[in-house]
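Structure below is entry07.cif: mmCIF, C-alpha atoms.
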```cif
data_entry
#
loop_
_atom_site.label_atom_id
_atom_site.label_comp_id
_atom_site.auth_asym_id
_atom_site.auth_seq_id
_atom_site.Cartn_x
_atom_site.Cartn_y
_atom_site.Cartn_z
CA MET O 13 13.25 -2.50 3.87
CA ARG O 14 13.57 -5.11 1.14
CA ALA O 15 11.02 -7.93 1.40
CA VAL O 16 12.32 -11.52 1.40
CA THR O 17 10.81 -14.96 1.96
CA ASP O 18 10.29 -16.28 5.48
CA ASP O 19 12.93 -18.98 4.91
CA LEU O 20 15.55 -16.42 3.86
CA LYS O 21 14.56 -14.16 6.74
CA ALA O 22 15.34 -16.96 9.22
CA ILE O 23 18.79 -17.46 7.64
CA LEU O 24 19.59 -13.74 7.65
CA ASP O 25 18.48 -13.37 11.27
CA GLY O 26 20.92 -16.14 12.19
CA GLY O 27 23.80 -14.39 10.43
CA GLN O 28 25.56 -17.62 9.38
CA TYR O 29 25.64 -18.15 5.64
CA GLU O 30 27.75 -18.03 2.48
CA LEU O 31 27.07 -16.00 -0.62
CA ASP O 32 28.16 -15.59 -4.20
CA MET O 33 27.19 -13.31 -7.04
CA ARG O 34 26.39 -13.80 -10.69
CA LEU O 35 25.35 -11.31 -13.31
CA ASP O 36 22.65 -11.08 -15.98
CA ALA O 37 23.00 -8.47 -18.75
CA PHE O 38 20.26 -6.61 -20.64
CA TYR O 39 19.98 -4.34 -23.64
CA GLY O 40 16.60 -2.68 -23.45
CA ALA O 41 14.06 -5.40 -22.69
CA ASP O 42 16.31 -8.20 -24.03
CA ARG O 43 18.38 -10.38 -21.72
CA THR O 44 21.68 -10.74 -23.57
CA LEU O 45 23.77 -12.70 -21.06
CA GLU O 46 22.86 -14.88 -18.09
CA GLY O 47 24.69 -16.22 -15.05
CA LEU O 48 28.07 -14.54 -15.62
CA THR O 49 30.70 -15.32 -12.98
CA VAL O 50 31.75 -12.35 -10.86
CA ASP O 51 35.16 -12.10 -9.17
CA ARG O 52 35.06 -11.78 -5.37
CA SER O 53 36.37 -8.23 -5.50
CA TRP O 54 32.90 -6.82 -6.19
CA GLU O 55 31.33 -3.98 -4.20
CA LEU O 56 27.89 -2.36 -4.34
CA ARG O 57 27.04 0.95 -2.67
CA TRP O 58 23.92 3.04 -2.01
CA VAL O 59 24.17 6.64 -0.74
CA LYS O 60 20.93 8.40 0.23
CA SER O 61 22.16 11.93 -0.46
CA ALA O 62 23.80 11.23 -3.85
CA ASP O 63 22.32 12.39 -7.16
CA VAL O 64 22.63 8.76 -8.27
CA PRO O 65 22.24 6.71 -5.05
CA GLY O 66 23.26 3.27 -6.36
CA SER O 67 26.69 2.41 -7.75
CA GLY O 68 29.13 -0.46 -7.85
CA SER O 69 32.14 -2.18 -9.31
CA VAL O 70 32.32 -5.78 -10.55
CA LEU O 71 34.86 -7.85 -12.44
CA VAL O 72 33.29 -10.38 -14.80
CA GLN O 73 35.33 -13.55 -15.42
CA VAL O 74 33.74 -15.82 -18.00
CA GLN O 75 34.45 -18.34 -20.72
CA MET O 76 31.80 -18.31 -23.42
CA PRO O 77 30.80 -21.77 -24.72
CA ASP O 78 31.31 -20.66 -28.34
CA GLY O 79 34.77 -19.23 -27.66
CA SER O 80 33.68 -15.64 -28.32
CA SER O 81 35.02 -12.57 -26.57
CA LEU O 82 33.08 -10.38 -24.14
CA THR O 83 35.55 -7.50 -24.36
CA PRO O 84 33.43 -4.60 -25.67
CA ARG O 85 34.67 -3.07 -28.92
CA GLU O 86 31.55 -1.38 -30.32
CA PHE O 87 28.51 0.51 -29.01
CA THR O 88 26.25 -2.53 -29.14
CA ALA O 89 28.63 -4.98 -27.43
CA ARG O 90 26.95 -6.91 -24.66
CA LEU O 91 29.00 -5.25 -21.89
CA ALA O 92 29.48 -1.80 -23.47
CA PRO O 93 28.62 1.38 -21.51
CA PHE O 94 26.02 2.61 -24.03
CA GLY O 95 22.63 1.67 -22.64
CA GLN O 96 23.56 -1.82 -21.53
CA GLU O 97 22.39 -2.79 -18.05
CA VAL O 98 23.17 -5.58 -15.61
CA MET O 99 21.37 -7.22 -12.70
CA PRO O 100 23.69 -8.60 -9.98
CA LEU O 101 22.10 -11.72 -8.48
CA LEU O 102 23.04 -12.58 -4.89
CA THR O 103 22.75 -16.24 -3.87
CA ILE O 104 22.65 -16.95 -0.13
CA ARG O 105 23.40 -20.49 1.07
CA ALA O 106 23.27 -22.18 4.47
CA GLY O 107 23.51 -25.96 4.53
CA GLU O 108 21.02 -27.31 2.00
CA PHE O 109 19.24 -23.94 1.80
CA GLY O 110 19.85 -21.61 -1.13
CA GLU O 111 17.97 -18.60 -2.45
CA THR O 112 18.81 -15.98 -5.07
CA ILE O 113 17.67 -12.34 -4.94
CA PRO O 114 18.38 -9.41 -7.28
CA ALA O 115 20.71 -6.80 -5.80
CA GLY O 116 19.33 -4.16 -8.14
CA ARG O 117 19.39 -3.16 -11.78
CA PHE O 118 22.29 -0.97 -12.86
CA ARG O 119 23.51 0.74 -16.00
CA ILE O 120 27.05 0.07 -17.18
CA VAL O 121 28.64 3.54 -17.12
CA ASP O 122 32.29 2.66 -17.68
CA VAL O 123 34.55 -0.25 -18.57
CA PRO O 124 37.83 0.65 -16.84
CA SER O 125 39.62 -2.44 -18.18
CA ALA O 126 38.99 -5.53 -20.28
CA ARG O 127 41.20 -8.29 -21.64
CA ASP O 128 40.94 -11.71 -23.28
CA GLU O 129 42.98 -14.87 -22.94
CA ASN O 130 43.21 -16.50 -26.36
CA LEU O 131 44.61 -19.65 -27.92
CA VAL O 132 44.98 -20.73 -31.52
CA HIS O 133 43.21 -23.94 -32.49
CA SER O 134 43.18 -25.15 -36.11
CA ALA O 135 44.12 -21.70 -37.35
CA ARG O 136 41.23 -20.26 -35.39
CA ILE O 137 41.65 -17.86 -32.45
CA ILE O 138 39.51 -18.98 -29.52
CA THR O 139 38.90 -16.85 -26.45
CA VAL O 140 39.24 -19.08 -23.41
CA GLY O 141 38.38 -16.33 -20.97
CA SER O 142 37.28 -12.69 -20.84
CA TYR O 143 37.97 -10.43 -17.87
CA VAL O 144 35.85 -7.28 -17.97
CA LYS O 145 35.67 -4.73 -15.16
CA LEU O 146 32.42 -2.76 -15.00
CA ALA O 147 31.55 0.48 -13.22
CA LEU O 148 27.84 0.59 -12.46
CA ALA O 149 25.22 3.20 -11.55
CA ASP O 150 21.47 2.98 -11.10
CA GLN O 151 18.95 4.33 -13.62
CA LEU O 152 19.02 7.86 -12.19
CA GLU O 153 22.36 8.18 -13.99
CA ALA O 154 20.41 8.39 -17.27
CA VAL O 155 18.08 10.98 -15.74
CA ARG O 156 21.05 13.08 -14.61
CA ALA O 157 22.50 13.05 -18.14
CA ALA O 158 19.22 14.01 -19.89
CA GLU O 159 19.11 17.80 -19.65
CA PHE O 160 16.24 20.10 -20.66
CA ALA O 161 16.56 21.42 -24.21
CA LYS O 162 14.39 24.45 -23.37
CA PRO O 163 12.83 26.00 -20.26
CA GLU O 164 9.72 24.08 -19.20
CA LYS O 165 7.01 24.02 -16.57
CA PRO O 166 5.57 20.95 -14.82
CA VAL O 167 2.72 19.21 -16.67
CA HIS O 168 1.02 17.09 -13.99
CA THR O 169 0.82 19.89 -11.45
CA SER O 170 -1.71 18.17 -9.17
CA ASP O 171 0.15 14.84 -8.85
CA ALA O 172 3.85 14.93 -7.95
CA TRP O 173 4.22 11.16 -8.42
CA GLN O 174 2.86 11.34 -11.97
CA GLU O 175 5.16 14.25 -12.75
CA LEU O 176 8.16 12.22 -11.49
CA ALA O 177 7.17 9.42 -13.88
CA ARG O 178 6.96 11.85 -16.78
CA LEU O 179 10.29 13.53 -15.97
CA THR O 180 12.25 10.30 -15.60
CA GLY O 181 10.45 7.82 -17.85
CA MET O 182 10.75 5.32 -14.99
CA ARG O 183 8.23 3.05 -13.34
CA ILE O 184 7.07 4.61 -10.06
CA GLU O 185 6.56 2.97 -6.67
CA ARG O 186 4.30 5.30 -4.70
CA ARG O 187 5.19 5.38 -1.01
CA GLY O 188 2.67 7.72 0.51
CA ALA O 189 -0.01 10.11 -0.73
CA THR O 190 0.66 12.48 -3.57
CA VAL O 191 0.94 16.28 -3.30
CA PRO O 192 0.74 19.10 -5.86
CA VAL O 193 3.97 20.07 -7.59
CA PRO O 194 5.13 23.33 -5.90
CA ALA O 195 4.36 26.32 -8.10
CA SER O 196 7.90 27.63 -7.56
CA ILE O 197 9.45 24.71 -9.49
CA THR O 198 10.60 25.42 -13.04
CA TYR O 199 12.73 23.29 -15.34
CA GLU O 200 15.91 25.07 -16.33
CA MET O 201 18.48 24.66 -19.10
CA SER O 202 21.49 24.00 -16.87
CA ASP O 203 23.87 21.23 -15.93
CA GLY O 204 21.97 18.86 -13.69
CA GLY O 205 18.69 20.64 -14.34
CA ARG O 206 16.56 17.50 -14.71
CA ILE O 207 17.95 15.66 -11.69
CA LYS O 208 17.56 18.85 -9.64
CA ALA O 209 13.90 19.02 -10.66
CA VAL O 210 13.42 15.38 -9.65
CA GLN O 211 14.99 16.12 -6.26
CA GLU O 212 12.79 19.18 -5.73
CA ILE O 213 9.62 17.21 -6.46
CA ALA O 214 10.81 14.38 -4.20
CA ALA O 215 11.40 16.95 -1.45
CA ALA O 216 7.79 18.10 -1.84
CA LEU O 217 6.80 14.46 -1.31
CA GLY O 218 8.85 14.46 1.90
CA GLY O 219 12.13 12.82 0.96
CA THR O 220 14.81 11.97 -1.60
CA PRO O 221 14.62 9.98 -4.88
CA TYR O 222 15.75 6.36 -4.81
CA VAL O 223 15.75 3.39 -7.18
CA THR O 224 14.42 0.13 -5.71
CA ALA O 225 15.97 -3.29 -6.27
CA ASP O 226 13.54 -4.02 -9.11
CA GLY O 227 14.30 -0.73 -10.90
CA ALA O 228 11.36 1.44 -9.81
CA LEU O 229 11.72 5.06 -8.72
CA THR O 230 10.42 5.94 -5.27
CA VAL O 231 10.98 8.57 -2.56
CA LEU O 232 12.69 7.80 0.74
CA PRO O 233 11.27 9.79 3.66
CA ASP O 234 13.61 12.20 5.39
CA GLU O 235 12.10 11.71 8.85
CA PRO O 236 12.76 8.64 11.05
CA SER O 237 10.01 6.02 11.03
CA ILE O 238 9.21 2.82 12.91
CA PRO O 239 12.41 0.69 13.19
CA VAL O 240 12.37 -2.22 10.75
CA ARG O 241 15.44 -4.11 12.00
CA ARG O 242 17.29 -4.49 15.31
CA PHE O 243 21.03 -5.18 15.23
CA PRO O 244 22.05 -6.98 18.42
CA PHE O 245 25.70 -6.72 19.39
CA LYS O 246 25.53 -10.25 20.73
CA GLY O 247 26.26 -13.01 18.27
CA SER O 248 28.55 -10.74 16.22
CA THR O 249 25.78 -9.47 13.92
CA VAL O 250 27.36 -6.07 14.54
CA LEU O 251 31.12 -6.43 14.20
CA ASP O 252 32.08 -3.08 15.74
CA PHE O 253 30.25 0.04 16.86
CA GLU O 254 31.24 3.44 18.21
CA ILE O 255 29.03 6.30 19.35
CA GLY O 256 29.69 10.01 19.67
CA MET O 257 28.09 13.41 20.09
CA SER O 258 28.17 16.58 18.02
CA SER O 259 26.88 20.11 18.51
CA ALA O 260 26.71 20.66 14.76
CA GLY O 261 23.20 21.59 13.70
CA VAL O 262 21.94 22.29 17.24
CA TYR O 263 20.35 25.76 17.55
CA ASN O 264 18.78 27.62 20.45
CA GLU O 265 17.40 30.57 18.49
CA VAL O 266 15.39 30.73 15.27
CA VAL O 267 14.94 33.97 13.33
CA GLY O 268 12.17 34.02 10.74
CA ILE O 269 12.49 35.76 7.36
CA PHE O 270 9.04 36.01 5.78
CA GLU O 271 7.00 38.19 3.41
CA ASP O 272 3.26 38.63 2.98
CA ASP O 273 1.44 38.46 -0.37
CA ASP O 274 2.45 42.07 -1.10
CA ARG O 275 6.17 41.35 -0.48
CA ASN O 276 6.12 43.27 2.82
CA PRO O 277 8.37 41.87 5.58
CA ILE O 278 6.66 39.99 8.40
CA VAL O 279 8.54 40.79 11.61
CA VAL O 280 8.09 38.56 14.67
CA PRO O 281 10.37 38.04 17.69
CA PRO O 282 12.89 35.20 17.35
CA ALA O 283 12.04 31.94 19.08
CA GLN O 284 14.60 31.21 21.84
CA ILE O 285 15.47 28.71 24.51
CA THR O 286 15.79 30.71 27.73
CA ASP O 287 16.26 27.95 30.35
CA GLY O 288 18.42 24.87 30.79
CA PRO O 289 21.79 23.88 29.30
CA LEU O 290 20.85 25.13 25.82
CA ARG O 291 19.69 28.60 26.91
CA VAL O 292 20.84 31.44 24.71
CA ASP O 293 22.74 33.18 27.57
CA GLY O 294 24.31 29.99 28.91
CA PRO O 295 27.76 28.37 28.44
CA PHE O 296 26.66 26.82 25.12
CA GLY O 297 26.26 30.33 23.68
CA ARG O 298 23.79 31.73 21.20
CA ARG O 299 23.33 29.50 18.14
CA THR O 300 21.06 31.15 15.56
CA ARG O 301 19.25 29.54 12.67
CA PHE O 302 17.55 31.60 9.96
CA TYR O 303 14.36 30.13 8.53
CA SER O 304 12.19 31.23 5.60
CA SER O 305 9.20 29.72 3.83
CA PRO O 306 7.05 30.93 0.90
CA PHE O 307 4.02 29.38 2.61
CA VAL O 308 4.16 31.72 5.63
CA LYS O 309 2.05 34.79 4.86
CA THR O 310 0.80 36.10 8.26
CA ALA O 311 2.32 37.04 11.63
CA GLU O 312 0.47 34.20 13.32
CA GLN O 313 1.87 31.68 10.84
CA ALA O 314 5.35 33.19 11.33
CA ARG O 315 5.25 32.82 15.12
CA SER O 316 4.04 29.25 14.81
CA ALA O 317 6.73 28.42 12.23
CA VAL O 318 9.73 29.70 14.23
CA THR O 319 8.45 27.94 17.37
CA LYS O 320 8.12 24.64 15.52
CA ILE O 321 11.53 24.97 13.86
CA LEU O 322 13.16 25.76 17.21
CA GLU O 323 11.68 22.60 18.68
CA GLN O 324 13.03 20.54 15.80
CA SER O 325 16.44 22.24 15.84
CA SER O 326 17.06 21.81 19.56
CA GLN O 327 15.43 18.55 20.62
CA GLN O 328 16.11 16.06 17.85
CA LYS O 329 19.60 15.69 16.49
CA ALA O 330 21.54 12.99 14.74
CA TYR O 331 25.16 11.89 14.96
CA ARG O 332 26.60 10.14 11.92
CA THR O 333 28.69 7.03 12.38
CA SER O 334 29.61 3.90 10.41
CA PHE O 335 29.90 0.29 11.51
CA PRO O 336 30.52 -3.09 9.88
CA ALA O 337 27.99 -5.90 10.16
CA ILE O 338 27.10 -9.23 8.61
CA LEU O 339 25.58 -8.49 5.20
CA ASP O 340 21.79 -8.30 5.37
CA PRO O 341 20.28 -7.49 1.96
CA ARG O 342 16.98 -6.48 3.57
CA VAL O 343 18.48 -3.25 4.93
CA GLU O 344 18.25 -0.28 2.55
CA VAL O 345 19.10 3.39 2.79
CA GLY O 346 16.27 5.33 4.37
CA ASP O 347 15.42 2.50 6.78
CA THR O 348 15.12 3.26 10.48
CA ILE O 349 16.92 0.62 12.55
CA GLU O 350 17.93 -0.06 16.14
CA VAL O 351 21.49 -0.88 17.17
CA GLU O 352 22.38 -2.43 20.53
CA GLN O 353 25.56 -1.54 22.37
CA ASP O 354 26.01 -2.86 25.89
CA ALA O 355 23.04 -1.56 27.89
CA HIS O 356 22.01 1.01 25.27
CA THR O 357 19.80 0.72 22.20
CA TYR O 358 20.15 3.46 19.61
CA THR O 359 17.64 4.42 16.94
CA ALA O 360 19.27 5.30 13.64
CA VAL O 361 18.44 6.16 10.03
CA VAL O 362 20.53 4.39 7.37
CA VAL O 363 22.14 6.91 4.98
CA GLU O 364 24.68 4.65 3.23
CA VAL O 365 25.01 0.91 2.62
CA VAL O 366 28.08 -0.84 1.19
CA TRP O 367 27.95 -4.55 0.33
CA LYS O 368 31.18 -6.50 0.01
CA ALA O 369 31.99 -9.93 -1.36
CA ASP O 370 33.21 -11.22 2.02
CA ALA O 371 29.56 -11.29 3.22
CA THR O 372 29.91 -8.10 5.27
CA MET O 373 28.38 -4.69 4.84
CA THR O 374 29.19 -1.25 6.17
CA LEU O 375 26.27 0.84 7.34
CA THR O 376 26.54 4.59 7.75
CA VAL O 377 23.75 5.82 9.98
CA ASP O 378 22.46 8.95 11.63
CA ILE O 379 21.94 8.15 15.31
CA VAL O 380 18.78 9.95 16.40
CA ARG O 381 19.32 11.86 19.62
CA THR O 382 16.44 13.26 21.65
CA LEU O 383 17.09 15.65 24.53
CA ASP O 384 14.35 14.96 27.06
CA GLU O 385 12.25 17.92 28.21
CA ALA O 386 13.49 17.86 31.81
CA ASN O 387 17.12 18.09 30.72
CA LEU O 388 16.31 20.71 28.10
CA LEU O 389 14.63 22.99 30.67
CA GLY O 390 17.20 22.32 33.38
CA VAL O 391 14.65 20.68 35.72
#
```

Reformat the file's structure so that it appears as structure tokens.
Amino acid sequence: MRAVTDDLKAILDGGQYELDMRLDAFYGADRTLEGLTVDRSWELRWVKSADVPGSGSVLVQVQMPDGSSLTPREFTARLAPFGQEVMPLLTIRAGEFGETIPAGRFRIVDVPSARDENLVHSARIITVGSYVKLALADQLEAVRAAEFAKPEKPVHTSDAWQELARLTGMRIERRGATVPVPASITYEMSDGGRIKAVQEIAAALGGTPYVTADGALTVLPDEPSIPVRRFPFKGSTVLDFEIGMSSAGVYNEVVGIFEDDDRNPIVVPPAQITDGPLRVDGPFGRRTRFYSSPFVKTAEQARSAVTKILEQSSQQKAYRTSFPAILDPRVEVGDTIEVEQDAHTYTAVVVEVVWKADATMTLTVDIVRTLDEANLLGV
């Protein structure tokens, strides 16, 4: 969850405010433009499962004091898609209160359209306004494009965080203890090879890669955590909400596929649910999941593994749904939140966030469902 000041927190909790956006531009470490006006058609999006989680679209509308044009015509133009970056700045106002926060730092990846409005003054052409539409993506876009020129092996094998920093060239925000880089990871000469390696190392750290609002690379945990925000239906913080159920991904049998150090198969009985509504011979039917792991090397480890995976596969499930709400810039993908609906409170993990210029956002969440033990066993 993004940290904000106590004053801004009070405004966001109330849900009554206005906002606008401006844009600063950078080329390397140099700030090249500041406070550019952004049309109210802008949209920013973060998707947890995407190779490049952060993206967006903005239309810059600006009149330069010197009458120059911002329409990009060469590689080094201030809004060209060749290494130039922008930082959208969100200003939130309520009465006399106003505070500005960065929405993130993005690379310009495309300029779908650009035009100038000109006039002739004393035989000189003056640009009275430039209108430049920008397609944006976070810094993992550059990582995705930078492929391996030859097969490689990890360098910092004992510290996955340090290896992520080396692979990406990005500043790292460590969220959690480090782990060794799995010995099975190799860097391949293939499309998407580098971003795949980053994802594999992030998985070893327990999650998925993500770029924070200040441009650092971190890893979002895959498992639900302590809720950081409650969305009450009262007071229209949540504008609409629907719930559902799905049997997708629910299993009542787990079959292990393992080998010992000599590549001999390890055969153990499948783990099964034999009582209650999810029993393998009940109306739900047999739902089998195959599971393998290079870390399982003995029969005892195999029996323990399939039992644990069965518990995870049958008792804790998520249903994905989306709902609109008042824009709250504190909420990020990967956050665990609570959503109220009538007499129910649901725990959910945020997997997608979309900000819009009308001060609303759309959250896509996985509602965490837990089947209690009594129901599971048919008690």

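One finds atom CA of O:Asp19 at 25.9 Å from atom CA of O:Ser237.
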
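Nearest to O:Thr372 of all the residues O:Asp340, O:Asp226, O:Asp354, O:Asp63 is O:Asp340, counting only C-alpha atoms.
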
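Residues selected in this file by the PyMOL selection byres ((chain O and resi 161) around 10) comprise O:Ala158, O:Glu159, O:Phe160, O:Lys162, O:Pro163, O:Glu164, O:Tyr199, O:Glu200, O:Met201, O:Ser202.
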
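Selection by the PyMOL selection byres ((chain O and resi 114-125) around 6) on the present file picks out Pro93, Gln96, Glu97, Val98, Met99, Pro100, Leu101, Ile113, Ala126, Lys145, Leu146, Ala147, Leu148, Ala149, Asp150, Ala225, Asp226 and Gly227 of chain O.
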
Problem - Close residues, O:Pro236 itself excluded, 8 Å, all atoms listed in the file, min 5 positions apart in chain, as an MDAnalysis selection string - result: chainID O and resid 347:348 360:361

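Distances here use only C-alpha atoms; by that measure, the residue among O:Thr103, O:Thr83, O:Thr190, O:Thr17 closest to O:Ala371 is O:Thr103.
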
Exercise for the section: Taking the file as shown, find all residues satisfying the PyMOL selection byres ((chain O and resi 291-298) around 12) and write them as a ChimeraX atom specification. Expected result: /O:259,262-266,282-290,299-301,326,387-390
